[in-house]
file protein-v1.pdb (PDB, C-alpha atoms and all ligand atoms)
MODEL        1
ATOM      1  CA  MET Q  12      18.818 -42.270 -31.278
ATOM      2  CA  THR Q  13      18.266 -40.370 -28.043
ATOM      3  CA  ALA Q  14      18.807 -36.648 -28.322
ATOM      4  CA  GLU Q  15      21.237 -34.583 -26.322
ATOM      5  CA  VAL Q  16      19.147 -32.124 -24.315
ATOM      6  CA  ILE Q  17      20.212 -28.474 -24.526
ATOM      7  CA  TYR Q  18      19.392 -26.971 -21.142
ATOM      8  CA  GLY Q  19      19.081 -23.243 -21.679
ATOM      9  CA  LYS Q  20      18.844 -22.824 -17.937
ATOM     10  CA  GLU Q  21      22.405 -24.097 -17.407
ATOM     11  CA  LEU Q  22      23.851 -22.015 -20.230
ATOM     12  CA  ALA Q  23      21.933 -18.975 -18.971
ATOM     13  CA  GLN Q  24      23.431 -19.437 -15.490
ATOM     14  CA  SER Q  25      26.975 -19.619 -16.776
ATOM     15  CA  LEU Q  26      26.473 -16.544 -19.003
ATOM     16  CA  ARG Q  27      24.923 -14.648 -16.078
ATOM     17  CA  ASP Q  28      27.943 -15.522 -13.915
ATOM     18  CA  ASP Q  29      30.242 -14.039 -16.586
ATOM     19  CA  MET Q  30      28.026 -10.949 -16.870
ATOM     20  CA  LYS Q  31      28.076 -10.464 -13.087
ATOM     21  CA  GLU Q  32      31.869 -10.247 -13.224
ATOM     22  CA  GLU Q  33      31.731  -7.890 -16.184
ATOM     23  CA  VAL Q  34      29.265  -5.592 -14.424
ATOM     24  CA  GLU Q  35      31.426  -5.574 -11.273
ATOM     25  CA  ALA Q  36      34.342  -4.383 -13.408
ATOM     26  CA  LEU Q  37      32.156  -1.729 -15.065
ATOM     27  CA  ARG Q  38      30.931  -0.506 -11.686
ATOM     28  CA  LEU Q  39      34.555  -0.007 -10.605
ATOM     29  CA  LYS Q  40      34.821   2.405 -13.535
ATOM     30  CA  GLY Q  41      31.656   4.184 -12.376
ATOM     31  CA  ILE Q  42      29.472   2.623 -15.070
ATOM     32  CA  ILE Q  43      26.206   1.121 -13.818
ATOM     33  CA  PRO Q  44      24.105  -0.482 -16.563
ATOM     34  CA  GLY Q  45      20.483   0.612 -16.058
ATOM     35  CA  LEU Q  46      17.307  -1.054 -17.308
ATOM     36  CA  THR Q  47      13.844   0.465 -16.980
ATOM     37  CA  VAL Q  48      10.889  -1.859 -17.421
ATOM     38  CA  VAL Q  49       7.444  -0.352 -17.978
ATOM     39  CA  LEU Q  50       4.511  -2.583 -17.080
ATOM     40  CA  ILE Q  51       0.996  -1.476 -17.917
ATOM     41  CA  GLY Q  52      -2.004  -3.198 -16.353
ATOM     42  CA  ASP Q  53      -2.008  -6.367 -14.293
ATOM     43  CA  ASP Q  54      -1.751  -9.291 -16.690
ATOM     44  CA  PRO Q  55      -0.405 -12.171 -14.537
ATOM     45  CA  ALA Q  56       1.858 -13.583 -17.298
ATOM     46  CA  SER Q  57       3.412 -10.136 -17.927
ATOM     47  CA  LYS Q  58       3.926  -9.667 -14.183
ATOM     48  CA  SER Q  59       5.717 -12.981 -13.965
ATOM     49  CA  TYR Q  60       7.991 -12.150 -16.970
ATOM     50  CA  VAL Q  61       8.836  -8.778 -15.429
ATOM     51  CA  LYS Q  62       9.684 -10.483 -12.130
ATOM     52  CA  GLY Q  63      12.099 -12.796 -13.965
ATOM     53  CA  LYS Q  64      13.774  -9.789 -15.594
ATOM     54  CA  GLN Q  65      14.198  -8.043 -12.239
ATOM     55  CA  LYS Q  66      15.619 -11.169 -10.640
ATOM     56  CA  ALA Q  67      18.178 -11.521 -13.446
ATOM     57  CA  SER Q  68      19.060  -7.802 -13.200
ATOM     58  CA  ASP Q  69      19.657  -8.108  -9.454
ATOM     59  CA  TYR Q  70      21.869 -11.146 -10.028
ATOM     60  CA  VAL Q  71      24.127  -9.632 -12.665
ATOM     61  CA  GLY Q  72      24.197  -6.180 -11.045
ATOM     62  CA  VAL Q  73      22.112  -4.261 -13.581
ATOM     63  CA  ALA Q  74      20.241  -1.396 -11.871
ATOM     64  CA  SER Q  75      16.652  -2.159 -12.754
ATOM     65  CA  GLU Q  76      13.708   0.107 -12.241
ATOM     66  CA  LEU Q  77      10.105  -1.035 -12.626
ATOM     67  CA  ILE Q  78       7.465   1.523 -13.558
ATOM     68  CA  GLU Q  79       3.986   0.095 -13.047
ATOM     69  CA  LEU Q  80       1.093   1.988 -14.584
ATOM     70  CA  PRO Q  81      -2.659   1.309 -14.617
ATOM     71  CA  SER Q  82      -4.291  -0.167 -17.726
ATOM     72  CA  SER Q  83      -6.119   3.174 -18.140
ATOM     73  CA  THR Q  84      -2.789   4.868 -19.035
ATOM     74  CA  SER Q  85      -3.192   6.787 -22.279
ATOM     75  CA  GLN Q  86      -0.938   6.479 -25.293
ATOM     76  CA  GLU Q  87       0.109  10.131 -24.818
ATOM     77  CA  GLU Q  88       1.139   9.496 -21.210
ATOM     78  CA  LEU Q  89       3.182   6.485 -22.252
ATOM     79  CA  LEU Q  90       4.857   8.391 -25.097
ATOM     80  CA  THR Q  91       5.767  11.213 -22.688
ATOM     81  CA  LEU Q  92       7.290   8.712 -20.270
ATOM     82  CA  ILE Q  93       9.334   7.083 -23.062
ATOM     83  CA  ASP Q  94      10.597  10.534 -24.096
ATOM     84  CA  GLU Q  95      11.794  11.160 -20.551
ATOM     85  CA  LEU Q  96      13.502   7.758 -20.364
ATOM     86  CA  ASN Q  97      15.130   8.303 -23.776
ATOM     87  CA  SER Q  98      16.905  11.387 -22.435
ATOM     88  CA  LYS Q  99      17.860   9.997 -18.993
ATOM     89  CA  THR Q 100      21.577   9.090 -18.985
ATOM     90  CA  THR Q 101      21.200   6.524 -16.167
ATOM     91  CA  VAL Q 102      18.845   4.481 -18.367
ATOM     92  CA  ASN Q 103      20.645   2.272 -20.888
ATOM     93  CA  GLY Q 104      17.737   0.002 -21.759
ATOM     94  CA  ILE Q 105      13.992   0.638 -22.021
ATOM     95  CA  LEU Q 106      11.614  -2.276 -22.128
ATOM     96  CA  VAL Q 107       7.876  -1.813 -22.449
ATOM     97  CA  GLN Q 108       6.336  -5.157 -21.547
ATOM     98  CA  LEU Q 109       4.038  -6.454 -24.285
ATOM     99  CA  PRO Q 110       1.178  -6.978 -24.902
ATOM    100  CA  LEU Q 111      -0.214  -3.481 -24.286
ATOM    101  CA  PRO Q 112      -3.883  -2.632 -23.649
ATOM    102  CA  ALA Q 113      -5.893  -2.472 -26.892
ATOM    103  CA  HIS Q 114      -6.205   1.362 -26.882
ATOM    104  CA  ILE Q 115      -2.410   1.760 -27.209
ATOM    105  CA  ASP Q 116      -0.720   1.384 -30.606
ATOM    106  CA  GLU Q 117       2.026  -1.148 -29.886
ATOM    107  CA  GLN Q 118       4.095  -0.350 -32.980
ATOM    108  CA  MET Q 119       4.039   3.384 -32.197
ATOM    109  CA  ILE Q 120       5.400   2.668 -28.705
ATOM    110  CA  ILE Q 121       8.128   0.368 -30.065
ATOM    111  CA  GLU Q 122       9.175   3.091 -32.515
ATOM    112  CA  ALA Q 123       9.196   5.779 -29.795
ATOM    113  CA  ILE Q 124      11.997   4.023 -27.905
ATOM    114  CA  SER Q 125      15.404   5.351 -28.913
ATOM    115  CA  PRO Q 126      17.242   2.700 -31.002
ATOM    116  CA  GLU Q 127      20.239   3.264 -28.675
ATOM    117  CA  LYS Q 128      18.131   1.945 -25.781
ATOM    118  CA  ASP Q 129      16.132  -0.679 -27.694
ATOM    119  CA  VAL Q 130      17.381  -3.671 -25.684
ATOM    120  CA  ASP Q 131      14.408  -5.785 -26.835
ATOM    121  CA  GLY Q 132      15.613  -5.336 -30.427
ATOM    122  CA  PHE Q 133      12.097  -4.666 -31.757
ATOM    123  CA  HIS Q 134      12.650  -1.172 -33.214
ATOM    124  CA  PRO Q 135      12.611  -1.065 -37.058
ATOM    125  CA  VAL Q 136      16.138   0.408 -36.952
ATOM    126  CA  SER Q 137      17.392  -2.590 -34.942
ATOM    127  CA  ILE Q 138      15.571  -5.013 -37.247
ATOM    128  CA  GLY Q 139      16.936  -3.293 -40.368
ATOM    129  CA  ARG Q 140      20.468  -3.387 -38.993
ATOM    130  CA  MET Q 141      20.085  -7.072 -38.129
ATOM    131  CA  MET Q 142      18.801  -7.870 -41.634
ATOM    132  CA  THR Q 143      21.723  -6.077 -43.246
ATOM    133  CA  GLY Q 144      24.251  -7.861 -41.029
ATOM    134  CA  LYS Q 145      25.207  -4.761 -38.989
ATOM    135  CA  ASP Q 146      25.927  -4.669 -35.292
ATOM    136  CA  THR Q 147      22.783  -3.934 -33.263
ATOM    137  CA  PHE Q 148      20.634  -5.233 -30.417
ATOM    138  CA  TYR Q 149      19.310  -8.584 -31.583
ATOM    139  CA  PRO Q 150      15.853  -9.639 -30.337
ATOM    140  CA  CYS Q 151      16.432 -11.636 -27.163
ATOM    141  CA  THR Q 152      14.680 -14.954 -27.878
ATOM    142  CA  PRO Q 153      16.223 -15.446 -31.359
ATOM    143  CA  TYR Q 154      19.648 -14.358 -30.092
ATOM    144  CA  GLY Q 155      19.354 -16.794 -27.177
ATOM    145  CA  ILE Q 156      18.544 -19.615 -29.605
ATOM    146  CA  ILE Q 157      21.695 -18.900 -31.629
ATOM    147  CA  GLN Q 158      23.747 -18.965 -28.409
ATOM    148  CA  MET Q 159      22.217 -22.344 -27.518
ATOM    149  CA  LEU Q 160      23.175 -23.807 -30.910
ATOM    150  CA  LYS Q 161      26.690 -22.417 -30.641
ATOM    151  CA  SER Q 162      27.138 -23.708 -27.092
ATOM    152  CA  LYS Q 163      26.858 -27.235 -28.527
ATOM    153  CA  GLN Q 164      29.057 -26.445 -31.563
ATOM    154  CA  ILE Q 165      26.106 -27.258 -33.814
ATOM    155  CA  ASP Q 166      27.025 -26.605 -37.423
ATOM    156  CA  ILE Q 167      24.564 -24.102 -38.914
ATOM    157  CA  GLU Q 168      26.245 -23.328 -42.228
ATOM    158  CA  GLY Q 169      24.573 -24.999 -45.218
ATOM    159  CA  LYS Q 170      21.934 -26.643 -43.015
ATOM    160  CA  HIS Q 171      18.237 -26.495 -43.799
ATOM    161  CA  ALA Q 172      16.633 -24.504 -40.991
ATOM    162  CA  VAL Q 173      12.849 -24.651 -40.892
ATOM    163  CA  ILE Q 174      11.038 -22.098 -38.745
ATOM    164  CA  ILE Q 175       7.404 -22.700 -37.840
ATOM    165  CA  GLY Q 176       5.886 -19.338 -36.940
ATOM    166  CA  ARG Q 177       6.568 -15.902 -38.400
ATOM    167  CA  SER Q 178       5.982 -13.470 -35.544
ATOM    168  CA  ASN Q 179       8.048 -10.278 -35.402
ATOM    169  CA  ILE Q 180       9.536 -11.232 -32.042
ATOM    170  CA  VAL Q 181      10.521 -14.869 -32.673
ATOM    171  CA  GLY Q 182       9.911 -16.499 -36.058
ATOM    172  CA  LYS Q 183      11.009 -13.780 -38.484
ATOM    173  CA  PRO Q 184      14.146 -12.651 -36.610
ATOM    174  CA  VAL Q 185      15.381 -16.159 -35.757
ATOM    175  CA  GLY Q 186      15.232 -16.975 -39.479
ATOM    176  CA  GLN Q 187      17.277 -13.859 -40.253
ATOM    177  CA  LEU Q 188      19.920 -14.719 -37.662
ATOM    178  CA  LEU Q 189      20.165 -18.272 -39.029
ATOM    179  CA  LEU Q 190      20.473 -16.876 -42.546
ATOM    180  CA  GLY Q 191      23.287 -14.690 -41.231
ATOM    181  CA  GLU Q 192      24.947 -17.924 -40.053
ATOM    182  CA  ASN Q 193      24.601 -19.272 -43.629
ATOM    183  CA  ALA Q 194      21.710 -21.667 -43.085
ATOM    184  CA  THR Q 195      19.150 -22.194 -45.854
ATOM    185  CA  VAL Q 196      15.952 -20.957 -44.258
ATOM    186  CA  THR Q 197      12.322 -21.956 -44.826
ATOM    187  CA  TYR Q 198       9.474 -20.181 -43.005
ATOM    188  CA  CYS Q 199       6.232 -22.052 -42.330
ATOM    189  CA  HIS Q 200       3.043 -20.478 -40.968
ATOM    190  CA  SER Q 201      -0.685 -21.043 -40.781
ATOM    191  CA  ARG Q 202      -1.131 -20.746 -44.562
ATOM    192  CA  THR Q 203       1.764 -23.068 -45.511
ATOM    193  CA  LYS Q 204       0.674 -25.947 -47.735
ATOM    194  CA  ASP Q 205       2.141 -29.395 -47.154
ATOM    195  CA  MET Q 206       4.105 -28.270 -44.108
ATOM    196  CA  ALA Q 207       4.988 -31.885 -43.211
ATOM    197  CA  LYS Q 208       7.423 -32.143 -46.117
ATOM    198  CA  PHE Q 209       9.397 -29.087 -44.922
ATOM    199  CA  ILE Q 210       9.470 -30.326 -41.332
ATOM    200  CA  ALA Q 211      10.636 -33.789 -42.418
ATOM    201  CA  ASP Q 212      13.539 -32.190 -44.309
ATOM    202  CA  ALA Q 213      14.658 -29.855 -41.493
ATOM    203  CA  ASP Q 214      18.176 -30.235 -40.117
ATOM    204  CA  ILE Q 215      17.327 -27.490 -37.626
ATOM    205  CA  LEU Q 216      13.678 -27.115 -36.642
ATOM    206  CA  ILE Q 217      12.541 -24.056 -34.677
ATOM    207  CA  VAL Q 218       8.961 -24.277 -33.420
ATOM    208  CA  ALA Q 219       7.308 -21.014 -32.310
ATOM    209  CA  VAL Q 220       3.591 -21.531 -32.770
ATOM    210  CA  GLY Q 221       1.973 -21.521 -29.324
ATOM    211  CA  ILE Q 222       0.114 -24.851 -29.638
ATOM    212  CA  ALA Q 223       0.973 -27.564 -27.113
ATOM    213  CA  HIS Q 224       2.651 -30.596 -28.713
ATOM    214  CA  PHE Q 225       2.127 -29.326 -32.254
ATOM    215  CA  ILE Q 226       5.157 -31.397 -33.343
ATOM    216  CA  ASN Q 227       6.035 -34.942 -32.342
ATOM    217  CA  GLY Q 228       8.717 -37.482 -33.117
ATOM    218  CA  ASP Q 229       6.913 -38.831 -36.195
ATOM    219  CA  HIS Q 230       7.231 -35.445 -37.927
ATOM    220  CA  ILE Q 231      10.964 -34.872 -37.623
ATOM    221  CA  LYS Q 232      14.058 -36.101 -39.411
ATOM    222  CA  GLU Q 233      16.392 -38.536 -37.624
ATOM    223  CA  GLY Q 234      19.141 -36.511 -35.924
ATOM    224  CA  ALA Q 235      17.440 -33.099 -36.359
ATOM    225  CA  VAL Q 236      18.129 -30.230 -33.966
ATOM    226  CA  VAL Q 237      14.776 -29.309 -32.419
ATOM    227  CA  ILE Q 238      14.351 -25.944 -30.665
ATOM    228  CA  ASP Q 239      11.040 -25.572 -28.858
ATOM    229  CA  VAL Q 240      10.113 -21.938 -28.243
ATOM    230  CA  GLY Q 241       6.479 -22.521 -27.277
ATOM    231  CA  VAL Q 242       5.226 -21.925 -23.770
ATOM    232  CA  ASN Q 243       1.759 -23.356 -23.208
ATOM    233  CA  ARG Q 244      -0.063 -23.735 -19.927
ATOM    234  CA  VAL Q 245      -1.924 -27.041 -19.802
ATOM    235  CA  GLU Q 246      -4.915 -28.144 -17.721
ATOM    236  CA  ASP Q 247      -2.959 -29.243 -14.648
ATOM    237  CA  GLY Q 248      -1.350 -25.776 -14.534
ATOM    238  CA  SER Q 249       2.086 -26.925 -15.727
ATOM    239  CA  LEU Q 250       3.971 -25.497 -18.703
ATOM    240  CA  THR Q 251       4.684 -27.425 -21.870
ATOM    241  CA  GLY Q 252       6.192 -26.658 -25.239
ATOM    242  CA  ASP Q 253       5.069 -26.844 -28.858
ATOM    243  CA  VAL Q 254       6.977 -30.124 -29.209
ATOM    244  CA  ASP Q 255       6.090 -33.476 -27.652
ATOM    245  CA  PHE Q 256       9.441 -33.799 -25.911
ATOM    246  CA  GLU Q 257       9.234 -37.514 -25.073
ATOM    247  CA  SER Q 258       8.623 -38.749 -28.629
ATOM    248  CA  ALA Q 259      10.805 -36.131 -30.336
ATOM    249  CA  LYS Q 260      13.811 -36.837 -28.133
ATOM    250  CA  GLU Q 261      13.906 -40.437 -29.387
ATOM    251  CA  LYS Q 262      14.547 -39.202 -32.918
ATOM    252  CA  ALA Q 263      16.271 -35.808 -32.621
ATOM    253  CA  GLY Q 264      20.014 -35.227 -32.344
ATOM    254  CA  PHE Q 265      19.554 -32.251 -30.012
ATOM    255  CA  ILE Q 266      16.415 -30.944 -28.350
ATOM    256  CA  THR Q 267      15.463 -28.152 -25.931
ATOM    257  CA  PRO Q 268      13.046 -28.798 -23.048
ATOM    258  CA  VAL Q 269      10.182 -26.600 -21.804
ATOM    259  CA  PRO Q 270      10.596 -25.265 -19.170
ATOM    260  CA  LYS Q 271      14.381 -24.777 -18.652
ATOM    261  CA  GLY Q 272      15.032 -24.363 -22.375
ATOM    262  CA  VAL Q 273      14.728 -21.207 -24.445
ATOM    263  CA  GLY Q 274      12.939 -19.128 -21.772
ATOM    264  CA  PRO Q 275      15.910 -18.496 -19.422
ATOM    265  CA  MET Q 276      18.083 -17.576 -22.416
ATOM    266  CA  THR Q 277      15.660 -14.834 -23.477
ATOM    267  CA  ILE Q 278      16.108 -12.936 -20.203
ATOM    268  CA  THR Q 279      19.857 -13.547 -20.265
ATOM    269  CA  MET Q 280      20.172 -11.928 -23.687
ATOM    270  CA  LEU Q 281      18.211  -8.958 -22.358
ATOM    271  CA  MET Q 282      20.935  -8.578 -19.727
ATOM    272  CA  HIS Q 283      23.568  -8.899 -22.458
ATOM    273  CA  ASN Q 284      21.904  -6.140 -24.503
ATOM    274  CA  THR Q 285      21.596  -3.826 -21.483
ATOM    275  CA  ILE Q 286      25.286  -4.227 -20.603
ATOM    276  CA  LYS Q 287      26.218  -3.691 -24.255
ATOM    277  CA  SER Q 288      24.144  -0.499 -24.337
ATOM    278  CA  ALA Q 289      25.881   0.808 -21.190
ATOM    279  CA  LYS Q 290      29.287   0.058 -22.712
ATOM    280  CA  LYS Q 291      28.330   1.838 -25.939
ATOM    281  CA  ALA Q 292      26.991   4.870 -24.057
ATOM    282  CA  ASN Q 293      30.330   5.128 -22.252
ATOM    283  CA  GLY Q 294      32.501   4.770 -25.339
ATOM    284  CA  LEU Q 295      33.696   1.257 -24.473
ATOM    285  CA  LEU Q 296      32.351  -0.293 -27.705
TER     286      LEU Q 296
HETATM  287  P1  LIG A 301       2.440 -15.567 -32.343
HETATM  288  O1  LIG A 301       2.741 -14.128 -32.560
HETATM  289  O2  LIG A 301       1.086 -15.983 -31.895
HETATM  290  O3  LIG A 301       2.799 -16.339 -33.700
HETATM  291  C1  LIG A 301       2.472 -17.686 -33.863
HETATM  292  C2  LIG A 301       2.883 -18.121 -35.247
HETATM  293  O4  LIG A 301       2.509 -19.473 -35.404
HETATM  294  C3  LIG A 301       2.227 -17.319 -36.366
HETATM  295  O5  LIG A 301       3.174 -16.951 -37.335
HETATM  296  C4  LIG A 301       1.186 -18.287 -36.941
HETATM  297  O6  LIG A 301       1.009 -18.174 -38.344
HETATM  298  C5  LIG A 301       1.849 -19.629 -36.659
HETATM  299  N1  LIG A 301       0.831 -20.668 -36.557
HETATM  300  C6  LIG A 301      -0.283 -20.688 -35.807
HETATM  301  N2  LIG A 301      -0.969 -21.823 -36.028
HETATM  302  C7  LIG A 301      -0.281 -22.526 -36.955
HETATM  303  C8  LIG A 301      -0.489 -23.749 -37.612
HETATM  304  N3  LIG A 301      -1.566 -24.509 -37.359
HETATM  305  N4  LIG A 301       0.430 -24.157 -38.518
HETATM  306  C9  LIG A 301       1.519 -23.408 -38.776
HETATM  307  N5  LIG A 301       1.784 -22.227 -38.180
HETATM  308  C10 LIG A 301       0.870 -21.797 -37.286
HETATM  309  O7  LIG A 301       3.426 -16.225 -31.299
HETATM  310  P2  LIG A 301       4.924 -15.849 -30.809
HETATM  311  O8  LIG A 301       4.882 -14.586 -30.065
HETATM  312  O9  LIG A 301       5.901 -16.027 -31.915
HETATM  313  O10 LIG A 301       5.124 -17.027 -29.762
HETATM  314  C11 LIG A 301       5.072 -18.386 -30.128
HETATM  315  C12 LIG A 301       5.205 -19.245 -28.887
HETATM  316  O11 LIG A 301       6.469 -18.972 -28.294
HETATM  317  C13 LIG A 301       4.174 -18.941 -27.790
HETATM  318  O12 LIG A 301       3.886 -20.143 -27.102
HETATM  319  C14 LIG A 301       4.899 -17.987 -26.868
HETATM  320  O13 LIG A 301       4.428 -18.043 -25.538
HETATM  321  C15 LIG A 301       6.304 -18.536 -26.960
HETATM  322  N6  LIG A 301       7.372 -17.561 -26.666
HETATM  323  C16 LIG A 301       8.352 -17.961 -25.840
HETATM  324  C17 LIG A 301       9.398 -17.104 -25.567
HETATM  325  C18 LIG A 301      10.478 -17.569 -24.649
HETATM  326  O14 LIG A 301      11.304 -16.766 -24.250
HETATM  327  N7  LIG A 301      10.557 -18.859 -24.353
HETATM  328  C19 LIG A 301       9.444 -15.838 -26.141
HETATM  329  C20 LIG A 301       8.430 -15.456 -27.016
HETATM  330  C21 LIG A 301       7.388 -16.336 -27.286
HETATM  331  P3  LIG A 301       0.323 -16.888 -39.051
HETATM  332  O15 LIG A 301       1.399 -15.827 -39.033
HETATM  333  O16 LIG A 301       0.004 -17.352 -40.412
HETATM  334  O17 LIG A 301      -0.851 -16.522 -38.214
ENDMDL
END

call {"tool": "encode", "arguments": {"input": "protein-v1.pdb", "output": "structure tokens"}}
result
Amino acid sequence: MTAEVIYGKELAQSLRDDMKEEVEALRLKGIIPGLTVVLIGDDPASKSYVKGKQKASDYVGVASELIELPSSTSQEELLTLIDELNSKTTVNGILVQLPLPAHIDEQMIIEAISPEKDVDGFHPVSIGRMMTGKDTFYPCTPYGIIQMLKSKQIDIEGKHAVIIGRSNIVGKPVGQLLLGENATVTYCHSRTKDMAKFIADADILIVAVGIAHFINGDHIKEGAVVIDVGVNRVEDGSLTGDVDFESAKEKAGFITPVPKGVGPMTITMLMHNTIKSAKKANGLL
């Protein structure tokens, strides 16, 4: 079997085209969705992610503002800034680019952002609402993965979904969203014993570990849906996923590539959340 490749990049483009039209219509009503991104320090990977977010904002018509601060910024200064952004009506979404310098308490910053503007979906209120099946801002990478599955009419209900990785931003929430779609969910992590048996039984396998080619075709079930979240920079400078694409694609039913897979969907769902926030703030939702 050769897998059908799910190109997140293509889906992201078509969703962004729809969003562009939606934002044009909102602008005619005087509503301009606004996203403020706060970048602290000069980590090259963070800078590149922020650039991608600005590019997507420009494309869909979201008014994006970038606030760049030195890595010496204190926690107090950052909290004061978030307070100001929370009360600014032109700001519908606040995103503080992670990771933060070690002297800043990341969780405290996440919790300082108003849940109404939590377009990253990391605030405990957003997470709690997601877990209880209420409407909220879903974390962007997990939400993008669900959109990718749905775009191919992949049946989730009753399927065994195995998630490798349990981070707060990917592993845990993607499992919750799949549970919400009636999958039977297994989480694997660094302390899981006999992980191979779970992987071999997975109908849907989500890999979010951060180790290049952690999974290959020998590990997976014939016909499995394989979603590769990993982004790893290898020696020649190129990017590769957590899955050995070439061997896995010979056995999987569907597979996502890296790059052009999950990554572009993450930023697209950030745009979705920002537009949703603007609509909510203006009584349209
Ligand atoms: P993370 O916070 O480092 O979490 C990694 C997870 O993998 C942890 O739960 C860890 O288990 C587990 N793990 C590590 N080694 C393992 C092993 N040998 N066996 C089983 N599990 C193991 O990473 P993350 O933030 O979730 O990101 C994961 C990957 O996705 C990274 O490559 C990241 O760059 C990428 N990513 C991509 C996007 C995108 O938009 N495409 C977005 C976010 C992240 P423990 O909990 O037990 O330590």

call {"tool": "resolve_selection", "arguments": {"input": "protein-v1.pdb", "expression": "the PyMOL selection byres (((chain Q and resi 132) around 12) and not hetatm)", "output": "number ranges by chain"}}
result
Q: 104-107, 121-122, 124-131, 133-142, 146-154, 179-181, 184, 277, 280-281, 283-285, 288

call {"tool": "closest_residue", "arguments": {"input": "protein-v1.pdb", "among": "Q:Gly176, Q:Gly294, Q:Gly234, Q:Gly155", "to": "ligand LIG 301 (chain A)", "atoms": "all atoms listed in the file"}}
result
Q:Gly176

call {"tool": "residues_around", "arguments": {"input": "protein-v1.pdb", "residues": "range 74-89 of chain Q", "least_positions_apart": "4", "cutoff": "12 Å", "atoms": "all atoms listed in the file", "output": "NGL selection string"}}
result
:Q and (34-35 or 38 or 42-54 or 57-58 or 61-70 or 93-96 or 101-108 or 110-121 or 123-124 or 281-282 or 285-286 or 289)

call {"tool": "atom_distance", "arguments": {"input": "protein-v1.pdb", "atom1": "CA of Gly186 in chain Q", "atom2": "CA of Ser249 in chain Q"}}
result
28.9 Å

call {"tool": "closest_residue", "arguments": {"input": "protein-v1.pdb", "among": "Q:Phe256, Q:Tyr18, Q:Phe209, Q:Phe225", "to": "ligand LIG 301 (chain A)", "atoms": "all atoms listed in the file"}}
result
Q:Phe225

call {"tool": "resolve_selection", "arguments": {"input": "protein-v1.pdb", "expression": "the PyMOL selection byres (((not hetatm)) within 7 of (chain A and resi 301))", "output": "list in words"}}
result
Thr152, Ile175, Gly176, Arg177, Ser178, Ile180, Val181, Gly182, Cys199, His200, Ser201, Arg202, Thr203, Ala219, Val220, Gly221, Ile222, Val240, Gly241, Val242, Asn243, Val273, Gly274, Pro275 and Thr277 of chain Q

call {"tool": "atom_distance", "arguments": {"input": "protein-v1.pdb", "atom1": "CA of Gln24 in chain Q", "atom2": "CA of Lys287 in chain Q"}}
result
18.2 Å

call {"tool": "atom_distance", "arguments": {"input": "protein-v1.pdb", "atom1": "CA of Glu21 in chain Q", "atom2": "CA of Gly252 in chain Q"}}
result
18.2 Å

call {"tool": "closest_residue", "arguments": {"input": "protein-v1.pdb", "among": "Q:Glu233, Q:Asp29, Q:Ile238, Q:Ala259", "to": "Leu216 in chain Q", "atoms": "all atoms listed in the file"}}
result
Q:Ile238

call {"tool": "decode", "arguments": {"input": "protein-v1.pdb", "residues": "range 136-147 of chain Q", "atoms": "N, CA and C atoms", "output": "compact mmCIF listing (two decimals), in the first residue's frame"}}
result
# COMPACT_ATOMS: atom_id res chain seq x y z
N VAL Q 136 -8.45 28.11 31.37
CA VAL Q 136 -9.90 28.22 31.09
C VAL Q 136 -10.21 27.61 29.72
N SER Q 137 -9.37 27.92 28.73
CA SER Q 137 -9.58 27.36 27.38
C SER Q 137 -9.44 25.84 27.42
N ILE Q 138 -8.43 25.36 28.13
CA ILE Q 138 -8.19 23.91 28.20
C ILE Q 138 -9.36 23.21 28.90
N GLY Q 139 -9.82 23.83 30.00
CA GLY Q 139 -10.96 23.25 30.74
C GLY Q 139 -12.21 23.20 29.88
N ARG Q 140 -12.44 24.27 29.12
CA ARG Q 140 -13.62 24.30 28.25
C ARG Q 140 -13.50 23.23 27.15
N MET Q 141 -12.29 23.09 26.62
CA MET Q 141 -12.08 22.07 25.59
C MET Q 141 -12.35 20.67 26.16
N MET Q 142 -11.85 20.42 27.37
CA MET Q 142 -12.00 19.09 27.97
C MET Q 142 -13.44 18.76 28.30
N THR Q 143 -14.24 19.82 28.54
CA THR Q 143 -15.64 19.56 28.88
C THR Q 143 -16.54 19.72 27.65
N GLY Q 144 -15.92 19.81 26.48
CA GLY Q 144 -16.69 19.83 25.23
C GLY Q 144 -17.41 21.15 24.96
N LYS Q 145 -16.93 22.24 25.59
CA LYS Q 145 -17.56 23.56 25.37
C LYS Q 145 -16.82 24.31 24.28
N ASP Q 146 -17.52 25.29 23.71
CA ASP Q 146 -16.89 26.10 22.67
C ASP Q 146 -15.78 26.95 23.29
N THR Q 147 -14.65 27.02 22.61
CA THR Q 147 -13.51 27.79 23.13
C THR Q 147 -12.49 27.97 22.01
